[in-house]
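One file, structure08.cif, is given below (mmCIF, C-alpha atoms; chains and numbers go by the auth columns).
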```cif
data_input
loop_
_atom_site.group_PDB
_atom_site.id
_atom_site.type_symbol
_atom_site.label_atom_id
_atom_site.label_comp_id
_atom_site.label_asym_id
_atom_site.label_seq_id
_atom_site.Cartn_x
_atom_site.Cartn_y
_atom_site.Cartn_z
_atom_site.B_iso_or_equiv
_atom_site.auth_seq_id
_atom_site.auth_asym_id
ATOM 1 C CA GLY A 1 6.519 -18.889 18.031 0.00 1 X
ATOM 2 C CA PRO A 2 5.515 -19.497 14.424 0.00 2 X
ATOM 3 C CA PRO A 3 2.740 -21.983 13.711 0.00 3 X
ATOM 4 C CA GLN A 4 3.968 -25.540 13.232 0.00 4 X
ATOM 5 C CA GLU A 5 2.926 -27.694 10.327 0.00 5 X
ATOM 6 C CA GLU A 6 2.982 -31.454 10.151 0.00 6 X
ATOM 7 C CA ASP A 7 6.231 -31.531 8.151 0.00 7 X
ATOM 8 C CA GLY A 8 8.030 -28.636 9.866 0.00 8 X
ATOM 9 C CA PRO A 9 7.737 -24.960 10.708 0.00 9 X
ATOM 10 C CA ALA A 10 5.856 -22.438 8.614 0.00 10 X
ATOM 11 C CA SER A 11 9.137 -21.340 7.008 0.00 11 X
ATOM 12 C CA GLY A 12 9.057 -24.429 4.795 0.00 12 X
ATOM 13 C CA LEU A 13 12.472 -25.687 5.954 0.00 13 X
ATOM 14 C CA PRO A 14 12.814 -29.120 7.592 0.00 14 X
ATOM 15 C CA PRO A 15 12.530 -29.161 11.415 0.00 15 X
ATOM 16 C CA ASN A 16 15.666 -28.822 13.569 0.00 16 X
ATOM 17 C CA GLY A 17 17.828 -31.909 13.558 0.00 17 X
ATOM 18 C CA SER A 18 16.298 -33.407 10.424 0.00 18 X
ATOM 19 C CA LYS A 19 18.501 -34.437 7.519 0.00 19 X
ATOM 20 C CA GLY A 20 18.347 -32.846 4.125 0.00 20 X
ATOM 21 C CA GLY A 21 18.047 -29.212 5.165 0.00 21 X
ATOM 22 C CA PRO A 22 20.328 -26.483 3.842 0.00 22 X
ATOM 23 C CA ASP A 23 23.744 -25.771 5.320 0.00 23 X
ATOM 24 C CA ILE A 24 23.773 -22.185 4.042 0.00 24 X
ATOM 25 C CA VAL A 25 20.879 -19.859 3.252 0.00 25 X
ATOM 26 C CA VAL A 26 21.476 -16.559 1.429 0.00 26 X
ATOM 27 C CA LEU A 27 18.775 -13.915 1.867 0.00 27 X
ATOM 28 C CA SER A 28 18.150 -10.360 0.720 0.00 28 X
ATOM 29 C CA ALA A 29 15.172 -8.055 0.499 0.00 29 X
ATOM 30 C CA GLY A 30 16.134 -6.342 -2.731 0.00 30 X
ATOM 31 C CA PRO A 31 14.643 -3.011 -3.754 0.00 31 X
ATOM 32 C CA HIS A 32 11.060 -4.115 -3.153 0.00 32 X
ATOM 33 C CA VAL A 33 11.077 -3.228 0.548 0.00 33 X
ATOM 34 C CA THR A 34 10.602 0.517 0.451 0.00 34 X
ATOM 35 C CA LEU A 35 10.694 1.671 4.081 0.00 35 X
ATOM 36 C CA LEU A 36 13.590 1.307 6.496 0.00 36 X
ATOM 37 C CA GLU A 37 11.230 0.307 9.309 0.00 37 X
ATOM 38 C CA ASP A 38 9.868 -2.522 7.147 0.00 38 X
ATOM 39 C CA LEU A 39 13.368 -3.778 6.370 0.00 39 X
ATOM 40 C CA GLU A 40 14.308 -3.611 10.053 0.00 40 X
ATOM 41 C CA PHE A 41 11.224 -5.718 10.845 0.00 41 X
ATOM 42 C CA VAL A 42 12.294 -8.291 8.232 0.00 42 X
ATOM 43 C CA LEU A 43 15.893 -8.367 9.511 0.00 43 X
ATOM 44 C CA ASP A 44 14.798 -8.761 13.137 0.00 44 X
ATOM 45 C CA ARG A 45 12.382 -11.539 12.164 0.00 45 X
ATOM 46 C CA VAL A 46 15.116 -13.375 10.258 0.00 46 X
ATOM 47 C CA VAL A 47 17.485 -13.113 13.248 0.00 47 X
ATOM 48 C CA ASP A 48 14.831 -14.260 15.755 0.00 48 X
ATOM 49 C CA GLU A 49 13.628 -17.201 13.676 0.00 49 X
ATOM 50 C CA HIS A 50 17.179 -18.243 12.833 0.00 50 X
ATOM 51 C CA ARG A 51 18.085 -18.331 16.534 0.00 51 X
ATOM 52 C CA ALA A 52 14.908 -20.207 17.489 0.00 52 X
ATOM 53 C CA LEU A 53 14.541 -22.662 14.618 0.00 53 X
ATOM 54 C CA PHE A 54 17.812 -23.211 12.741 0.00 54 X
ATOM 55 C CA PRO A 55 20.847 -22.024 14.739 0.00 55 X
ATOM 56 C CA GLU A 56 23.107 -24.569 13.006 0.00 56 X
ATOM 57 C CA VAL A 57 22.315 -23.213 9.521 0.00 57 X
ATOM 58 C CA LYS A 58 24.597 -20.455 8.241 0.00 58 X
ATOM 59 C CA VAL A 59 22.466 -17.460 7.255 0.00 59 X
ATOM 60 C CA VAL A 60 24.031 -14.922 4.915 0.00 60 X
ATOM 61 C CA TRP A 61 22.343 -11.559 4.353 0.00 61 X
ATOM 62 C CA GLN A 62 23.271 -9.888 1.066 0.00 62 X
ATOM 63 C CA THR A 63 23.316 -6.096 1.106 0.00 63 X
ATOM 64 C CA GLN A 64 21.612 -4.143 -1.654 0.00 64 X
ATOM 65 C CA PRO A 65 23.416 -4.557 -4.987 0.00 65 X
ATOM 66 C CA GLY A 66 24.839 -1.423 -6.507 0.00 66 X
ATOM 67 C CA ALA A 67 22.406 0.528 -8.621 0.00 67 X
ATOM 68 C CA GLY A 68 22.638 3.483 -10.914 0.00 68 X
ATOM 69 C CA CYS A 69 23.569 4.077 -14.522 0.00 69 X
ATOM 70 C CA GLY A 70 26.485 5.418 -16.434 0.00 70 X
ATOM 71 C CA LYS A 71 28.475 4.808 -19.591 0.00 71 X
ATOM 72 C CA ALA A 72 31.656 4.123 -17.612 0.00 72 X
ATOM 73 C CA PRO A 73 32.459 2.809 -14.140 0.00 73 X
ATOM 74 C CA LEU A 74 32.352 5.359 -11.344 0.00 74 X
ATOM 75 C CA GLN A 75 35.675 6.341 -9.819 0.00 75 X
ATOM 76 C CA ASP A 76 34.257 6.660 -6.304 0.00 76 X
ATOM 77 C CA PRO A 77 31.115 5.390 -4.611 0.00 77 X
ATOM 78 C CA PRO A 78 28.217 7.735 -5.318 0.00 78 X
ATOM 79 C CA ASP A 79 27.408 10.256 -2.617 0.00 79 X
ATOM 80 C CA GLN A 80 23.967 10.562 -1.011 0.00 80 X
ATOM 81 C CA ALA A 81 22.990 13.419 -3.347 0.00 81 X
ATOM 82 C CA PHE A 82 23.460 11.088 -6.349 0.00 82 X
ATOM 83 C CA TRP A 83 21.113 8.492 -4.860 0.00 83 X
ATOM 84 C CA GLU A 84 18.523 11.077 -3.871 0.00 84 X
ATOM 85 C CA ARG A 85 18.290 12.225 -7.512 0.00 85 X
ATOM 86 C CA GLN A 86 17.457 8.627 -8.508 0.00 86 X
ATOM 87 C CA THR A 87 13.783 8.109 -7.775 0.00 87 X
ATOM 88 C CA SER A 88 13.263 4.515 -8.937 0.00 88 X
ATOM 89 C CA TYR A 89 13.699 1.522 -6.653 0.00 89 X
ATOM 90 C CA ASN A 90 14.477 3.588 -3.518 0.00 90 X
ATOM 91 C CA TRP A 91 18.164 3.915 -4.312 0.00 91 X
ATOM 92 C CA GLY A 92 18.420 6.715 -1.763 0.00 92 X
ATOM 93 C CA GLN A 93 17.597 4.192 0.970 0.00 93 X
ATOM 94 C CA TYR A 94 20.310 1.671 0.083 0.00 94 X
ATOM 95 C CA ALA A 95 22.952 3.088 2.454 0.00 95 X
ATOM 96 C CA ALA A 96 20.520 3.048 5.400 0.00 96 X
ATOM 97 C CA PHE A 97 19.316 -0.453 4.449 0.00 97 X
ATOM 98 C CA ASP A 98 22.899 -1.726 4.311 0.00 98 X
ATOM 99 C CA ALA A 99 23.702 -0.129 7.685 0.00 99 X
ATOM 100 C CA ALA A 100 20.702 -1.930 9.228 0.00 100 X
ATOM 101 C CA ALA A 101 21.914 -5.236 7.756 0.00 101 X
ATOM 102 C CA ARG A 102 25.486 -4.655 8.995 0.00 102 X
ATOM 103 C CA LYS A 103 24.146 -3.976 12.495 0.00 103 X
ATOM 104 C CA ARG A 104 22.514 -7.421 12.592 0.00 104 X
ATOM 105 C CA PHE A 105 24.822 -9.553 10.418 0.00 105 X
ATOM 106 C CA GLY A 106 28.213 -7.834 10.125 0.00 106 X
ATOM 107 C CA HIS A 107 29.851 -8.260 13.523 0.00 107 X
ATOM 108 C CA GLU A 108 31.720 -10.941 15.474 0.00 108 X
ATOM 109 C CA ASN A 109 28.752 -11.904 17.686 0.00 109 X
ATOM 110 C CA ALA A 110 26.641 -12.501 14.579 0.00 110 X
ATOM 111 C CA ARG A 111 29.352 -14.743 13.108 0.00 111 X
ATOM 112 C CA ARG A 112 29.410 -16.785 16.337 0.00 112 X
ATOM 113 C CA GLU A 113 25.666 -17.303 15.830 0.00 113 X
ATOM 114 C CA ASN A 114 26.123 -18.409 12.185 0.00 114 X
ATOM 115 C CA ARG A 115 24.963 -15.086 10.712 0.00 115 X
ATOM 116 C CA PHE A 116 27.114 -13.483 8.022 0.00 116 X
ATOM 117 C CA LEU A 117 27.007 -10.433 5.778 0.00 117 X
ATOM 118 C CA LEU A 118 27.691 -10.521 2.044 0.00 118 X
ATOM 119 C CA ASP A 119 28.442 -6.893 1.233 0.00 119 X
ATOM 120 C CA VAL A 120 27.884 -6.320 -2.475 0.00 120 X
ATOM 121 C CA SER A 121 27.717 -2.525 -2.183 0.00 121 X
ATOM 122 C CA PRO A 122 31.023 -2.107 -4.105 0.00 122 X
ATOM 123 C CA LEU A 123 29.064 -3.160 -7.191 0.00 123 X
ATOM 124 C CA ALA A 124 27.796 0.436 -7.215 0.00 124 X
ATOM 125 C CA LEU A 125 31.146 1.251 -8.795 0.00 125 X
ATOM 126 C CA ARG A 126 30.157 -0.903 -11.796 0.00 126 X
ATOM 127 C CA VAL A 127 27.147 1.076 -12.954 0.00 127 X
ATOM 128 C CA ASP A 128 28.127 0.338 -16.547 0.00 128 X
ATOM 129 C CA VAL A 129 26.829 -3.231 -16.267 0.00 129 X
ATOM 130 C CA HIS A 130 23.189 -2.223 -15.936 0.00 130 X
ATOM 131 C CA PRO A 131 20.925 -2.548 -18.985 0.00 131 X
ATOM 132 C CA GLY A 132 19.872 1.084 -18.612 0.00 132 X
ATOM 133 C CA SER A 133 23.387 2.452 -18.900 0.00 133 X
ATOM 134 C CA LEU A 134 23.060 3.096 -22.618 0.00 134 X
ATOM 135 C CA ARG A 135 19.420 4.200 -22.662 0.00 135 X
ATOM 136 C CA PRO A 136 18.208 7.791 -22.526 0.00 136 X
ATOM 137 C CA ALA A 137 17.661 9.250 -19.059 0.00 137 X
ATOM 138 C CA GLY A 138 14.290 8.288 -17.620 0.00 138 X
ATOM 139 C CA ALA A 139 14.053 5.047 -19.634 0.00 139 X
ATOM 140 C CA ALA A 140 16.725 3.238 -17.672 0.00 140 X
ATOM 141 C CA ASP A 141 16.711 0.018 -15.706 0.00 141 X
ATOM 142 C CA CYS A 142 19.602 0.721 -13.365 0.00 142 X
ATOM 143 C CA THR A 143 18.979 -2.005 -10.791 0.00 143 X
ATOM 144 C CA HIS A 144 19.279 -5.272 -12.703 0.00 144 X
ATOM 145 C CA SER A 145 22.692 -6.414 -13.969 0.00 145 X
ATOM 146 C CA CYS A 146 23.506 -7.580 -17.466 0.00 146 X
ATOM 147 C CA ILE A 147 24.487 -11.186 -18.047 0.00 147 X
ATOM 148 C CA PRO A 148 27.318 -11.896 -17.726 0.00 148 X
ATOM 149 C CA GLY A 149 27.757 -9.468 -14.900 0.00 149 X
ATOM 150 C CA PRO A 150 29.500 -9.106 -11.577 0.00 150 X
ATOM 151 C CA LEU A 151 27.146 -11.454 -9.728 0.00 151 X
ATOM 152 C CA ASP A 152 28.117 -14.274 -12.083 0.00 152 X
ATOM 153 C CA HIS A 153 31.626 -14.067 -10.631 0.00 153 X
ATOM 154 C CA LEU A 154 30.742 -13.095 -7.065 0.00 154 X
ATOM 155 C CA ILE A 155 28.354 -15.904 -6.147 0.00 155 X
ATOM 156 C CA PRO A 156 30.634 -18.906 -6.900 0.00 156 X
ATOM 157 C CA ARG A 157 33.549 -17.243 -5.115 0.00 157 X
ATOM 158 C CA THR A 158 31.398 -16.414 -2.099 0.00 158 X
ATOM 159 C CA LEU A 159 30.065 -19.960 -1.887 0.00 159 X
ATOM 160 C CA LEU A 160 33.592 -21.368 -2.130 0.00 160 X
ATOM 161 C CA HIS A 161 34.775 -19.004 0.627 0.00 161 X
ATOM 162 C CA LEU A 162 31.886 -20.016 2.911 0.00 162 X
ATOM 163 C CA LEU A 163 32.474 -23.716 2.339 0.00 163 X
ATOM 164 C CA LEU A 164 36.224 -23.472 2.964 0.00 164 X
ATOM 165 C CA HIS A 165 36.312 -21.032 5.869 0.00 165 X
ATOM 166 C CA HIS A 166 33.073 -21.320 7.864 0.00 166 X
#
```
Translate the structure of the given file into structure tokens.
Amino acid sequence: GPPQEEDGPASGLPPNGSKGGPDIVVLSAGPHVTLLEDLEFVLDRVVDEHRALFPEVKVVWQTQPGAGCGKAPLQDPPDQAFWERQTSYNWGQYAAFDAAARKRFGHENARRENRFLLDVSPLALRVDVHPGSLRPAGAADCTHSCIPGPLDHLIPRTLLHLLLHH
């Protein structure tokens, strides 16, 4: 197991059974994990440590947020060819990353073990909210959302849903 510290496990959370720990933890790797095998390692580690150390805590894995640029919302989710043309931030890997997350967090057995999936992939339809949408090609930041943006509405609703229904 992970090394133990005087005040709790190496994860920095309070030890099992102690008061004051979180009820819900929301995690995501974001675009900074660049290889599928690395993300799978992270996901497996999260699942294993959650089971061993904090099974009572609800763990929510957020899929990759939609990325890409445009002057208007897309009518359909982008196909794989669209993502493969985008070379920044590994957009072409997002579908595979999300599938790996769904495999570990998006099924009934995972829910019984307090693991949940927050699928934000539909945000790919809102490419117009990225700061790079109005910039010339090649100068775009098509990963981060403008403020206010879709996450400003999604997070409070998700938290409310988790508190009321789980």
So that each row is one residue of region 89-123 of chain X with an atom at most 9 Å from region 50-54 of chain X, can you give its shortest atom pair and the distance in Å to one decimal, using only C-alpha atoms, rows by chain and rising number, as a tab-separated table?
```
residue	atom	partner	partner_atom	distance
X:Glu113	CA	X:Arg51	CA	7.7
X:Asn114	CA	X:His50	CA	9.0
X:Arg115	CA	X:His50	CA	8.7
```
Exercise. What lies within 10 Å of Leu163 (chain X) using all atoms listed in the file, ignoring chain neighbours under 5 positions off, as a VMD selection string?
Worked result: chain X and resid 23 to 24 157 to 158
Exercise. Once the PyMOL selection byres ((chain X and resi 102) around 12) has been applied to the shown file, what residues remain in the selection, as a count of residues only?
Worked result: 30
Exercise. So how far away is CA of Val25 (chain X) from CA of Leu159 (chain X), in Å?
Worked result: 10.5 Å
Problem set entry | Between CA of Ala81 (chain X) and CA of Ser28 (chain X), distance in Å (one decimal) |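 Separating CA of Ala81 (chain X) from CA of Ser28 (chain X) is a distance of 24.6 Å.
Coordinates place CA of Arg112 (chain X) at a distance of 13.2 Å from CA of His165 (chain X).
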Model the absent atoms of region 107-122 of chain X so that N, CA and C atoms are present, and write the result as a PDB file, in the coordinates of the input.
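Dumped everything to rebuild_34.pdb:
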```pdb
ATOM      1  N   HIS X 107      28.956  -8.401  12.373  1.00  0.00           N
ATOM      2  CA  HIS X 107      29.851  -8.260  13.523  1.00  0.00           C
ATOM      3  C   HIS X 107      30.211  -9.637  14.071  1.00  0.00           C
ATOM      4  N   GLU X 108      31.191  -9.673  14.957  1.00  0.00           N
ATOM      5  CA  GLU X 108      31.720 -10.941  15.474  1.00  0.00           C
ATOM      6  C   GLU X 108      30.653 -11.765  16.190  1.00  0.00           C
ATOM      7  N   ASN X 109      29.800 -11.142  16.995  1.00  0.00           N
ATOM      8  CA  ASN X 109      28.752 -11.904  17.686  1.00  0.00           C
ATOM      9  C   ASN X 109      27.820 -12.587  16.693  1.00  0.00           C
ATOM     10  N   ALA X 110      27.497 -11.896  15.602  1.00  0.00           N
ATOM     11  CA  ALA X 110      26.641 -12.501  14.579  1.00  0.00           C
ATOM     12  C   ALA X 110      27.336 -13.718  13.970  1.00  0.00           C
ATOM     13  N   ARG X 111      28.627 -13.605  13.688  1.00  0.00           N
ATOM     14  CA  ARG X 111      29.352 -14.743  13.108  1.00  0.00           C
ATOM     15  C   ARG X 111      29.347 -15.933  14.064  1.00  0.00           C
ATOM     16  N   ARG X 112      29.469 -15.681  15.363  1.00  0.00           N
ATOM     17  CA  ARG X 112      29.410 -16.785  16.337  1.00  0.00           C
ATOM     18  C   ARG X 112      28.043 -17.464  16.341  1.00  0.00           C
ATOM     19  N   GLU X 113      27.022 -16.739  15.909  1.00  0.00           N
ATOM     20  CA  GLU X 113      25.666 -17.303  15.830  1.00  0.00           C
ATOM     21  C   GLU X 113      25.311 -17.751  14.412  1.00  0.00           C
ATOM     22  N   ASN X 114      26.324 -17.941  13.562  1.00  0.00           N
ATOM     23  CA  ASN X 114      26.123 -18.409  12.185  1.00  0.00           C
ATOM     24  C   ASN X 114      25.374 -17.414  11.311  1.00  0.00           C
ATOM     25  N   ARG X 115      25.534 -16.123  11.572  1.00  0.00           N
ATOM     26  CA  ARG X 115      24.963 -15.086  10.712  1.00  0.00           C
ATOM     27  C   ARG X 115      26.111 -14.302  10.086  1.00  0.00           C
ATOM     28  N   PHE X 116      26.033 -14.119   8.766  1.00  0.00           N
ATOM     29  CA  PHE X 116      27.114 -13.483   8.022  1.00  0.00           C
ATOM     30  C   PHE X 116      26.545 -12.428   7.091  1.00  0.00           C
ATOM     31  N   LEU X 117      27.395 -11.504   6.690  1.00  0.00           N
ATOM     32  CA  LEU X 117      27.007 -10.433   5.778  1.00  0.00           C
ATOM     33  C   LEU X 117      27.783 -10.584   4.475  1.00  0.00           C
ATOM     34  N   LEU X 118      27.071 -10.557   3.362  1.00  0.00           N
ATOM     35  CA  LEU X 118      27.691 -10.521   2.044  1.00  0.00           C
ATOM     36  C   LEU X 118      27.486  -9.110   1.522  1.00  0.00           C
ATOM     37  N   ASP X 119      28.538  -8.312   1.600  1.00  0.00           N
ATOM     38  CA  ASP X 119      28.442  -6.893   1.233  1.00  0.00           C
ATOM     39  C   ASP X 119      28.749  -6.725  -0.242  1.00  0.00           C
ATOM     40  N   VAL X 120      27.705  -6.510  -1.033  1.00  0.00           N
ATOM     41  CA  VAL X 120      27.884  -6.320  -2.475  1.00  0.00           C
ATOM     42  C   VAL X 120      27.794  -4.849  -2.862  1.00  0.00           C
ATOM     43  N   SER X 121      27.831  -3.950  -1.873  1.00  0.00           N
ATOM     44  CA  SER X 121      27.717  -2.525  -2.183  1.00  0.00           C
ATOM     45  C   SER X 121      28.817  -2.005  -3.113  1.00  0.00           C
ATOM     46  N   PRO X 122      30.036  -2.590  -3.134  1.00  0.00           N
ATOM     47  CA  PRO X 122      31.023  -2.107  -4.105  1.00  0.00           C
ATOM     48  C   PRO X 122      30.580  -2.245  -5.563  1.00  0.00           C
TER      49      PRO X 122
END
```
